[in-house]
Structures are given as structure tokens and as C-alpha cells.
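Let me begin by presenting the structure, written as C-alpha cells, before commenting on it.
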Amino acid sequence: MVLACWLPPAAHAQVGNLEQYLAAVRDDGRFVPARALQRLQEVETQARSAPLPVHAEFLTQLSNARMRLGQNDLAMQLAEELIAYARRNKSDVALAKGILNKAYITFARNERRASHLLAFEAERIANRTDDLPVRVQATISAGQSWAEEGNFPFALAKLQAAVDLARQSKSPSSLAAALNALTLLYTQMREYDKGFEVLDELLAVSSTLASPGRMAQAKNTEYGLALDAQQPQRGQRALLAALALERQLGARGMVAVTLVNLSDSYLKEGDYARTLRFANEAITAARLVNDEQVEATARLNIGQALLGQGRLQEGKQSVATGLAYYERTANQPEMQAVLLEYGMALEKAGDLRGAVTAYHRERGISNQLFEKQRQKAVYELQEKYEAEKKQRQIELLSRENQLKSTEIDNRRLQQRVWWLLALVLAMASAIVGLLYRKVRHANVQLKVKNQELKRQSSRDPLTALYNRRHFQEFMRSHAGKPQPAYGGDVVGALFLLDVDHFKHINDAYGHAAGDLVLTTIAETLHDVLRETDMIVRWGGEEFLAFLPAVARDGLDDIARRILNGMAAQSIHYQGQAIQVHVSVGFAPYPLAPLGRPLTWERSVNLIDMALYLAKAHGRNRAYGLRGFRQVEKTTLEAVEQDLERAWRDGFVDLSVVLGGTDGMDGASTGTAAHGRPAGASDGVAAAAIT
């Protein structure tokens, strides 16, 4: 009867003991969580009454299965139960497992920083034990956390240590996990040769495991590495091999993800037929596991494929369906990337108006994200200074209390020993003077810190240019004040710049290269503009320049200087030369249709629309809004909504300045009124518009 209590149900009667049974279920938990959950529930009664190692492993796997099925609340309850159980029984192995599970669930909830801190804690606890597989898992998690924070040197050290520990453990599955993580890191670091070396060992080790899931995971890692290393054919072969293994395993969630990756792979090649085939299969697979994100991504791929086939209306409808998911989940970074790709697809399909709208939405999200990051940095700095201020106040109060106590003691001593009065008074005076000097010093330091805070709150930390907030405050403070009495030939001006294909630079060379591009642009703007001009980092890769007094007929020349100044810069990063161009929108300031000056916000909005015309019509060019015509026949709102149509209808005058290449002034300028490009020199712009 005792033996019977330990046996699993009849369906698993061949399993000799519960520990071996859980080991057999472990792979299912990673790759087929629904099946793992069912098998775990069948032995729950026995597992909960088993000895500590088996009980802890059961809770670990049960929590993991719940998490992979999207049941994060239940998974977290099980992780907390495991942590409490481990602490009651003083088991560091079980405690490390519980905290690791909690880290994974926290990550699934998009609480990345909290997840990283839990992973680091789990590693410290695991390293107190002799359990090598747990130490390997914890070290891998710590390494991946460092990588997600962008600290690749720390991540590399951790993951190399995980590989060494895995070799000591003689556990092929632990070694496969460590090699897989190291390959992914080399992919992120763009160390492709080293990545392929580790991948070869990963594939060899995975082939010995008789685990379709592990091999499918390795093949998916191979796909990511091959794709980034510009080997798309190898990447597609890896995905197709992974798909066959996942279907053999019955890993429906993995199948859905692989199908949508295949559709994306063929989309990048321009193979729209295969894109549509695999995207539709991905939708069917995603519905089986209720994966809305995969379905939404498939809809986006279908939409872009239809746009590529010239089926604009169908393509837009499919993209709108996919975008609805990202809007509902408020995932702004993903939304931004999707809109950028959508705008490029529309531009390629010839729908320039749709492309401008998509770019405009993408830029709005980019500005919001940039503003949130800047505000967060300012708030953190403010909190730091407030904390320091409070600490100084506490120290001062403490010293004052000490002084009061000293004075009381002095009075008692005065009553007992009159001859010490003079000495006591002298000492008290000295203490008061010292404290007074320290208070003055603290106040001076506080003033310096506040000035530094004010400076930092008005400057962009990367480029040291003024930030959007400073410009907004500057313009608000000047609103309503009399404007300088310039003559008709001298005006103010606003220039708005956006880096062309900046996402491609970040993707191809990394964010450090992107930062170098931004700082170089800031330096170039200082070179081509005057010291009296206000230069602002307006958003992520967007810059604004306010020129208080320039010649009205010199705006095109300034735009040309900016374009050619940027084209002349060859930015060198890790042995590679990066050529940078910008698109520009500009206008005199203030703009005054019908003699009524517009607010600066509306002026910026109009030059923003001019900027997007420049991007939609070929980039590396500038569109300038010179003025208005017959505005009484339309509305300013209509002009703002569709600047290009207003240009065609003759309500605005635009000038077009084409950028040169490699510092050579190959630019030409044309002016258009009533929708007709003027002058033979504006042939490129005319072709783009007509």
C-alpha cells in the first residue's frame, strides 16, 4: 500500500519514482506547457507530500508551466509558495529556484528592472550551494539580465562562466542552455564569427539530447544569428527545420512564432506569395494558443505583402487590424517600429500621403517616449538632490540637538563650577561658529546643486543641446512681448531636422553608433549656424533650430548649408564609415497668414509637415514654407492637415532645396506656387511631386 501511494497514475505506471517522472516532464514544461501542466496535476498529491527536493522541483515546474501558459498570477502564487517553503526548510537550492521563477514571471509582466534584481539575487543564493545545474541556470539568468541592461562585458563574463560550470556538471541539457544564451549574446554584440563557433557546439550538443524542443530552440537561435549576419537563406533553412521539429513535438506556441518569423523572413526578401502563405498559417496556429501578438504581427506582414503587390486598400485594412492590437496594449516602442516599417512600405508602394501620415504618427510616439525618458531622468535627479537636502537637514538638526544637550550640561556645570564658565562659553561659541560655517557651506552647496539641476533640466544629456522643455519655456516667456522691429528683409526662422534612416543605423551598427551620429549632428549644427541661434534636441533623432534674425532671401542657403554640412560628415565607428543625411522643414517666423501671426506651436506643426514632405519625396532635402496665398479661400486647419494639397491648390508657397552628397554641393533649389514646380533646376522635386 505504501508503494502504491508513491506510484504515478496508471497512464504513467512505468515511471519508477516521482523524481524521474518530474525529470521527464521538464522538457514539456519548456516547450509544451499545456501537456506539462496536465501531467503535473496528475501527481500533485504525491509531489506535495514528497521530500523537500522533489516537492521543490514540482512547485518550480508547476509555476513555470503556468507562466508559459500566460497565467502569471497563478504562477507568481506558486513561486511565492516555493520561496516560503524553501525558507522554512532553510534550503538555498529551493530558494534559488523560487526566486528565479519569480524573476521570469516579473519579466513576463514587463517589469524588466525588477526581474533583473531578482535574477542577481538568485545567482548569489545559488552560488552558496553545490547544485551545479541550479548554479548554471542562475548564472545564465544573471548574464541575460546584464545583456538586457546593455552591459555586454558583464554579460559575457557571466555566460562564459555558465558554460564552464555546465561542463563541470556533466549535464548536456545545462550545457545546451548555456551555449544557447552565449550564442544569443554574441549575436547582440555583432560578434558573428564567435557566435557561429558557439552555435556549432550548441547544435552538436543538442543533437545528443534526443530532445526535439532543445534542437528547435537551437535552430531558432541559428535563425537570429544568420539573419543579423546577412545570411538570410541559412536563416530560412534553420526556421524550416525548427518548424518541422516543433510540429513533431506538438509545441503549438513555438509553431505559431516560427511561422510568423518565416513570413517576416520572406517579406524582407520581397517574396510576397510565401509571406502571405506563412502569415496565414501563423494566424491559424496563433488562434489555437490564443496568442494575440503573433496574430497581430502576422496581420502586419500580410498588410505589407499586399502593399508590395499593389493591393493598397486590402493592405491598409490588414495593417490597421494588426495595429489595433498594439494600440490596445499601449506598447509604444513596438508601435513606433511598426509605424516606421508601415511608412516605408507605403512610400515604396507610391502612397506618399499615407507614408507621411504613418511617419507623422511614428514621430509623435518617438517624441512622447523621448519626453518620458527625459522627464524620468530629471525626476530622478531631483529626487537625488531632495534626498541629499533632507539628509543635510537631518544632520543639522542632530547637531543642533547635540548643541542643546551641551548647553544644558554647561548650565549644570556652571552652577557647580563657576571658574569653568569662561571656558564653557568659549567652547560653546566655537561650536556655534563651526556649525554656522557648516550651514553656510551646506547652503552654498545646495545652491550649486540647484543651479546644476536647472542646467541639466534645460539641456539634453547626450548632445548638450537645449531640450524641448527649455525651448517651450523660452517661447512661452516671449509670447505677447513686442517682436524686434526687423525690416521686411530680416525675419526670424525655424528649421526642423530629422536624421534619414536612423533606425537602420541603430539596427546595423548598434545604439552606441546611433548616439555618435546624434552628437556629430549637434556639433555640425554648431558649425554651420551662429552662436546666437538656439539649437534644440527636439526628440529622439529630431533637431530644431531657432534663428532670431536672418535675411528672408537667405533661408534656402541656410537649408543648403545644413544639408551639405551633414553630407560632408563621414562618421567612423568600429572601423566602419557611416554616411548621414537629414531631411529638413523650415519657415520664417512668425508666419502670418492674413496678417495675423501664428503661435509658435502652429508654426512648428507646419514645418513638421514640410519635413515629412521632404522625407516622403526622397529624403536628403529641405522643404521651406515661404508664405501663404489666398488663405481666405480655405482654412488654416486644411493647410495643416494636407500641406501638399494646399501647395498644389496654390494656397502656400514652398521652396525645395536638394542636398548634395559627400560634401559636394550638388543641391538645387526650386520654388513652387499654385502646385507648379518652377525652374528646370528642380527636376528631382518635380518628378517626386508629379
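Following the order of the C-alpha cells, chains are lettered A, B, ..., residues in each are numbered from 1, and ligands are numbered from 1.
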Skipping near chain neighbours, those fewer than 6 positions away, what residues fall within 6 Å of range 269-282 of chain A using only C-alpha atoms, listed as a PyMOL selection string?
-> chain A and resi 256+259-260+263+298+302+305
Excluding range 49-64 of chain A and residues on its chain fewer than 3 positions from it, collect all residues at most 9 Å away from it, counting only C-alpha atoms, and give them as a PyMOL selection string.
-> chain A and resi 6+18-19+22+25-26+29-30+33+36-37+40-41+44-46+67-69+72+74-79+81-82+85-86+89+91+93-95+97-98+101-102+104-105
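Put simply, CA of Val198 in chain A is 14.6 Å away from CA of Pro172 in chain A.
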Of the candidates A:Ala178, A:Ala355, A:Leu132, A:Ala229, which one gets nearest to Lys194 in chain A if we count only C-alpha atoms?
-> A:Ala229
Residue contacts of Leu544 in chain A (7 Å, only C-alpha atoms) excluding same-chain residues fewer than 3 positions away, as number ranges by chain = A: 495-497, 535-538
Contacts of Asn605 in chain A at 12 Å (only C-alpha atoms; same-chain gap of 5+ positions) as a compact mmCIF listing (two decimals) with all heavy atoms, in the first residue's frame:
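Done, and the output landed in selection_37.txt:
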```
# COMPACT_ATOMS: atom_id res chain seq x y z
N HIS A 360 4.31 60.61 -39.48
CA HIS A 360 3.89 61.62 -38.51
C HIS A 360 3.47 60.95 -37.20
O HIS A 360 3.83 61.42 -36.11
CB HIS A 360 2.73 62.43 -39.08
CG HIS A 360 2.59 63.79 -38.46
ND1 HIS A 360 3.53 64.78 -38.59
CD2 HIS A 360 1.61 64.33 -37.67
CE1 HIS A 360 3.15 65.86 -37.94
NE2 HIS A 360 1.99 65.61 -37.37
N GLY A 364 5.34 61.22 -33.53
CA GLY A 364 4.64 61.61 -32.31
C GLY A 364 4.94 60.66 -31.16
O GLY A 364 5.19 61.08 -30.03
N LEU A 494 12.60 79.16 -38.29
CA LEU A 494 12.59 77.87 -37.60
C LEU A 494 13.00 76.78 -38.59
O LEU A 494 12.46 76.73 -39.71
CB LEU A 494 11.20 77.56 -37.04
CG LEU A 494 10.73 78.39 -35.85
CD1 LEU A 494 9.24 78.21 -35.63
CD2 LEU A 494 11.50 77.99 -34.60
N PHE A 495 13.93 75.93 -38.19
CA PHE A 495 14.37 74.80 -39.00
C PHE A 495 14.17 73.52 -38.17
O PHE A 495 14.61 73.46 -37.02
CB PHE A 495 15.84 74.93 -39.38
CG PHE A 495 16.11 75.94 -40.46
CD1 PHE A 495 16.10 77.29 -40.16
CD2 PHE A 495 16.35 75.55 -41.76
CE1 PHE A 495 16.34 78.24 -41.14
CE2 PHE A 495 16.59 76.49 -42.75
CZ PHE A 495 16.59 77.84 -42.45
N LEU A 496 13.51 72.52 -38.76
CA LEU A 496 13.29 71.23 -38.08
C LEU A 496 13.98 70.15 -38.91
O LEU A 496 13.72 70.02 -40.11
CB LEU A 496 11.80 70.94 -37.96
CG LEU A 496 11.38 69.76 -37.09
CD1 LEU A 496 11.81 69.98 -35.64
CD2 LEU A 496 9.86 69.57 -37.14
N LEU A 544 15.78 70.95 -33.69
CA LEU A 544 15.11 72.19 -34.08
C LEU A 544 16.08 73.34 -33.86
O LEU A 544 16.82 73.36 -32.86
CB LEU A 544 13.84 72.40 -33.26
CG LEU A 544 13.02 73.66 -33.59
CD1 LEU A 544 11.53 73.35 -33.55
CD2 LEU A 544 13.33 74.79 -32.61
N GLY A 585 12.54 70.65 -42.64
CA GLY A 585 11.42 71.55 -42.92
C GLY A 585 11.74 72.89 -42.29
O GLY A 585 12.32 72.96 -41.21
N PHE A 586 11.40 74.00 -43.00
CA PHE A 586 11.75 75.31 -42.43
C PHE A 586 10.74 76.35 -42.88
O PHE A 586 9.96 76.16 -43.82
CB PHE A 586 13.18 75.71 -42.81
CG PHE A 586 13.41 75.94 -44.29
CD1 PHE A 586 13.35 77.22 -44.84
CD2 PHE A 586 13.70 74.88 -45.13
CE1 PHE A 586 13.57 77.43 -46.19
CE2 PHE A 586 13.93 75.07 -46.49
CZ PHE A 586 13.87 76.35 -47.03
N ALA A 587 10.76 77.49 -42.18
CA ALA A 587 9.85 78.59 -42.49
C ALA A 587 10.33 79.83 -41.75
O ALA A 587 11.01 79.74 -40.72
CB ALA A 587 8.42 78.26 -42.05
N LEU A 591 5.06 83.16 -38.86
CA LEU A 591 4.22 83.06 -40.05
C LEU A 591 2.95 83.85 -39.78
O LEU A 591 2.37 83.76 -38.69
CB LEU A 591 3.89 81.60 -40.34
CG LEU A 591 5.04 80.75 -40.88
CD1 LEU A 591 4.69 79.27 -40.80
CD2 LEU A 591 5.36 81.13 -42.33
N LEU A 598 0.88 83.50 -36.43
CA LEU A 598 0.52 82.21 -35.82
C LEU A 598 1.32 82.01 -34.54
O LEU A 598 2.41 82.55 -34.37
CB LEU A 598 0.82 81.06 -36.78
CG LEU A 598 0.09 81.05 -38.12
CD1 LEU A 598 0.54 79.85 -38.94
CD2 LEU A 598 -1.42 81.00 -37.91
N THR A 599 0.79 81.19 -33.64
CA THR A 599 1.56 80.80 -32.46
C THR A 599 2.75 79.98 -32.90
O THR A 599 2.75 79.37 -33.98
CB THR A 599 0.70 79.97 -31.50
OG1 THR A 599 0.32 78.74 -32.15
CG2 THR A 599 -0.55 80.73 -31.07
N TRP A 600 3.74 79.94 -32.04
CA TRP A 600 4.92 79.15 -32.41
C TRP A 600 4.59 77.67 -32.55
O TRP A 600 5.18 76.96 -33.37
CB TRP A 600 6.04 79.37 -31.38
CG TRP A 600 5.81 78.74 -30.04
CD1 TRP A 600 5.26 79.31 -28.95
CD2 TRP A 600 6.13 77.39 -29.66
NE1 TRP A 600 5.21 78.43 -27.91
CE2 TRP A 600 5.74 77.24 -28.31
CE3 TRP A 600 6.71 76.31 -30.32
CZ2 TRP A 600 5.91 76.05 -27.62
CZ3 TRP A 600 6.88 75.12 -29.62
CH2 TRP A 600 6.48 74.99 -28.30
N ALA A 610 6.12 70.08 -43.51
CA ALA A 610 7.08 70.29 -44.60
C ALA A 610 8.21 69.27 -44.50
O ALA A 610 8.68 68.73 -45.52
CB ALA A 610 7.64 71.71 -44.53
N LEU A 611 8.65 68.98 -43.28
CA LEU A 611 9.69 67.96 -43.08
C LEU A 611 9.24 66.60 -43.61
O LEU A 611 9.99 65.90 -44.28
CB LEU A 611 10.03 67.87 -41.59
CG LEU A 611 10.84 66.65 -41.13
CD1 LEU A 611 12.22 66.65 -41.76
CD2 LEU A 611 10.95 66.61 -39.62
N TYR A 612 8.00 66.23 -43.32
CA TYR A 612 7.53 64.93 -43.78
C TYR A 612 7.35 64.88 -45.29
O TYR A 612 7.48 63.82 -45.90
CB TYR A 612 6.24 64.54 -43.05
CG TYR A 612 6.55 64.05 -41.67
CD1 TYR A 612 6.25 64.80 -40.55
CD2 TYR A 612 7.22 62.85 -41.48
CE1 TYR A 612 6.58 64.37 -39.28
CE2 TYR A 612 7.56 62.40 -40.23
CZ TYR A 612 7.23 63.18 -39.13
OH TYR A 612 7.57 62.74 -37.88
N LEU A 625 8.51 76.52 -46.15
CA LEU A 625 7.22 77.20 -46.29
C LEU A 625 7.49 78.70 -46.32
O LEU A 625 7.81 79.32 -45.31
CB LEU A 625 6.30 76.84 -45.12
CG LEU A 625 4.94 77.54 -45.05
CD1 LEU A 625 4.14 77.29 -46.32
CD2 LEU A 625 4.17 77.07 -43.83
N LEU A 636 -6.89 77.39 -42.29
CA LEU A 636 -5.55 77.01 -41.86
C LEU A 636 -5.51 75.55 -41.43
O LEU A 636 -4.50 74.87 -41.61
CB LEU A 636 -5.10 77.92 -40.71
CG LEU A 636 -3.63 77.83 -40.33
CD1 LEU A 636 -2.74 78.16 -41.52
CD2 LEU A 636 -3.32 78.75 -39.17
N GLU A 637 -6.62 75.06 -40.87
CA GLU A 637 -6.69 73.65 -40.47
C GLU A 637 -6.51 72.73 -41.68
O GLU A 637 -5.82 71.71 -41.61
CB GLU A 637 -8.02 73.34 -39.77
CG GLU A 637 -8.15 73.92 -38.37
CD GLU A 637 -8.38 75.42 -38.38
OE1 GLU A 637 -8.73 75.97 -39.46
OE2 GLU A 637 -8.22 76.04 -37.31
N VAL A 639 -4.90 73.46 -44.41
CA VAL A 639 -3.50 73.54 -44.82
C VAL A 639 -2.64 72.65 -43.93
O VAL A 639 -1.76 71.92 -44.40
CB VAL A 639 -3.01 75.00 -44.75
CG1 VAL A 639 -1.51 75.08 -45.01
CG2 VAL A 639 -3.76 75.86 -45.76
N GLU A 640 -2.88 72.68 -42.61
CA GLU A 640 -2.09 71.87 -41.68
C GLU A 640 -2.29 70.38 -41.92
O GLU A 640 -1.36 69.59 -41.80
CB GLU A 640 -2.47 72.22 -40.24
CG GLU A 640 -1.97 73.57 -39.79
CD GLU A 640 -2.42 73.90 -38.38
OE1 GLU A 640 -3.60 73.70 -38.06
OE2 GLU A 640 -1.59 74.36 -37.60
N GLN A 641 -3.51 69.99 -42.24
CA GLN A 641 -3.80 68.56 -42.42
C GLN A 641 -3.18 68.01 -43.69
O GLN A 641 -2.79 66.85 -43.74
CB GLN A 641 -5.32 68.33 -42.42
CG GLN A 641 -5.96 68.53 -41.06
CD GLN A 641 -7.47 68.48 -41.12
OE1 GLN A 641 -8.04 68.20 -42.17
NE2 GLN A 641 -8.12 68.76 -40.00
N ASP A 642 -3.11 68.82 -44.75
CA ASP A 642 -2.57 68.32 -46.02
C ASP A 642 -1.81 69.45 -46.70
O ASP A 642 -2.34 70.16 -47.55
CB ASP A 642 -3.70 67.80 -46.91
CG ASP A 642 -3.16 66.92 -48.04
OD1 ASP A 642 -1.98 67.09 -48.40
OD2 ASP A 642 -3.92 66.07 -48.56
N LEU A 643 -0.56 69.63 -46.30
CA LEU A 643 0.25 70.71 -46.83
C LEU A 643 0.51 70.54 -48.32
O LEU A 643 0.55 71.51 -49.08
CB LEU A 643 1.58 70.77 -46.06
CG LEU A 643 2.50 71.94 -46.40
CD1 LEU A 643 1.85 73.26 -46.06
CD2 LEU A 643 3.83 71.80 -45.64
```
Between A:Ala65, A:Val32, A:Ile607, A:Ala349, smallest distance to Pro212 in chain A by only C-alpha atoms belongs to A:Val32
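Summary of the local environment: counting only C-alpha atoms, residues at most 9 Å from Gln188 in chain A, other than itself and those fewer than 3 positions away along its chain, are Ala147, Phe152, Thr183, Leu184, Leu185, Glu191, Leu225, Asp228 and Gly510 of chain A.
When the distance limit is 10 Å and only C-alpha atoms are what count, the residues near Val319 in chain A, minus those fewer than 5 positions from it on the same chain, are A:Ala296, A:Thr297, A:Ala298, A:Arg299, A:Leu300, A:Asn301, A:Ile302, A:Gly303, A:Gln304, A:Leu306, A:Leu307, A:Glu314, A:Ala324, A:Val338, A:Leu339, A:Tyr342.
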Can I get the selection written as a short mmCIF file (atom, residue, chain, number, x, y, z; two decimals), in the first residue's frame, with N, CA and C atoms?
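Done, and the output landed in out_10.cif:
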```
data_model
loop_
_atom_site.label_atom_id
_atom_site.label_comp_id
_atom_site.auth_asym_id
_atom_site.auth_seq_id
_atom_site.Cartn_x
_atom_site.Cartn_y
_atom_site.Cartn_z
N ALA A 296 -1.43 39.46 -34.49
CA ALA A 296 -1.31 40.86 -34.91
C ALA A 296 -0.09 41.05 -35.81
N THR A 297 1.03 40.41 -35.45
CA THR A 297 2.24 40.53 -36.28
C THR A 297 2.02 39.92 -37.65
N ALA A 298 1.32 38.79 -37.70
CA ALA A 298 1.00 38.17 -38.99
C ALA A 298 0.14 39.10 -39.84
N ARG A 299 -0.82 39.78 -39.21
CA ARG A 299 -1.67 40.72 -39.95
C ARG A 299 -0.82 41.85 -40.54
N LEU A 300 0.15 42.33 -39.78
CA LEU A 300 1.02 43.39 -40.29
C LEU A 300 1.84 42.89 -41.48
N ASN A 301 2.35 41.66 -41.39
CA ASN A 301 3.13 41.11 -42.51
C ASN A 301 2.26 40.93 -43.75
N ILE A 302 1.03 40.47 -43.53
CA ILE A 302 0.10 40.31 -44.66
C ILE A 302 -0.15 41.67 -45.30
N GLY A 303 -0.39 42.68 -44.46
CA GLY A 303 -0.65 44.01 -44.99
C GLY A 303 0.49 44.53 -45.83
N GLN A 304 1.73 44.37 -45.34
CA GLN A 304 2.88 44.86 -46.09
C GLN A 304 3.09 44.07 -47.38
N LEU A 306 0.65 42.69 -49.15
CA LEU A 306 -0.38 43.18 -50.07
C LEU A 306 -0.01 44.54 -50.64
N LEU A 307 0.58 45.41 -49.81
CA LEU A 307 1.06 46.69 -50.33
C LEU A 307 2.12 46.48 -51.40
N GLU A 314 -6.58 46.65 -49.52
CA GLU A 314 -6.53 45.42 -48.70
C GLU A 314 -5.37 45.47 -47.72
N ALA A 324 -4.25 47.60 -34.36
CA ALA A 324 -5.25 47.73 -33.29
C ALA A 324 -4.78 47.01 -32.02
N VAL A 338 6.58 49.48 -35.79
CA VAL A 338 5.59 49.05 -36.78
C VAL A 338 5.24 50.20 -37.72
N LEU A 339 4.99 51.38 -37.16
CA LEU A 339 4.62 52.53 -37.99
C LEU A 339 5.75 52.93 -38.93
N TYR A 342 5.69 50.48 -41.71
CA TYR A 342 4.49 50.72 -42.50
C TYR A 342 4.68 51.93 -43.41
#
```
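Considering the residues A:Ile505, A:Val657, A:Ala210, A:Ala155 and counting only C-alpha atoms, Arg560 in chain A has its shortest atom-to-atom contact with A:Val657.
The space separating CA of Ala119 in chain A from CA of Ser171 in chain A comes to 21.7 Å.
Nearest to Arg468 in chain A of all the residues A:Glu542, A:Glu327, A:Asp193, A:Glu644 is A:Glu542, based on only C-alpha atoms.
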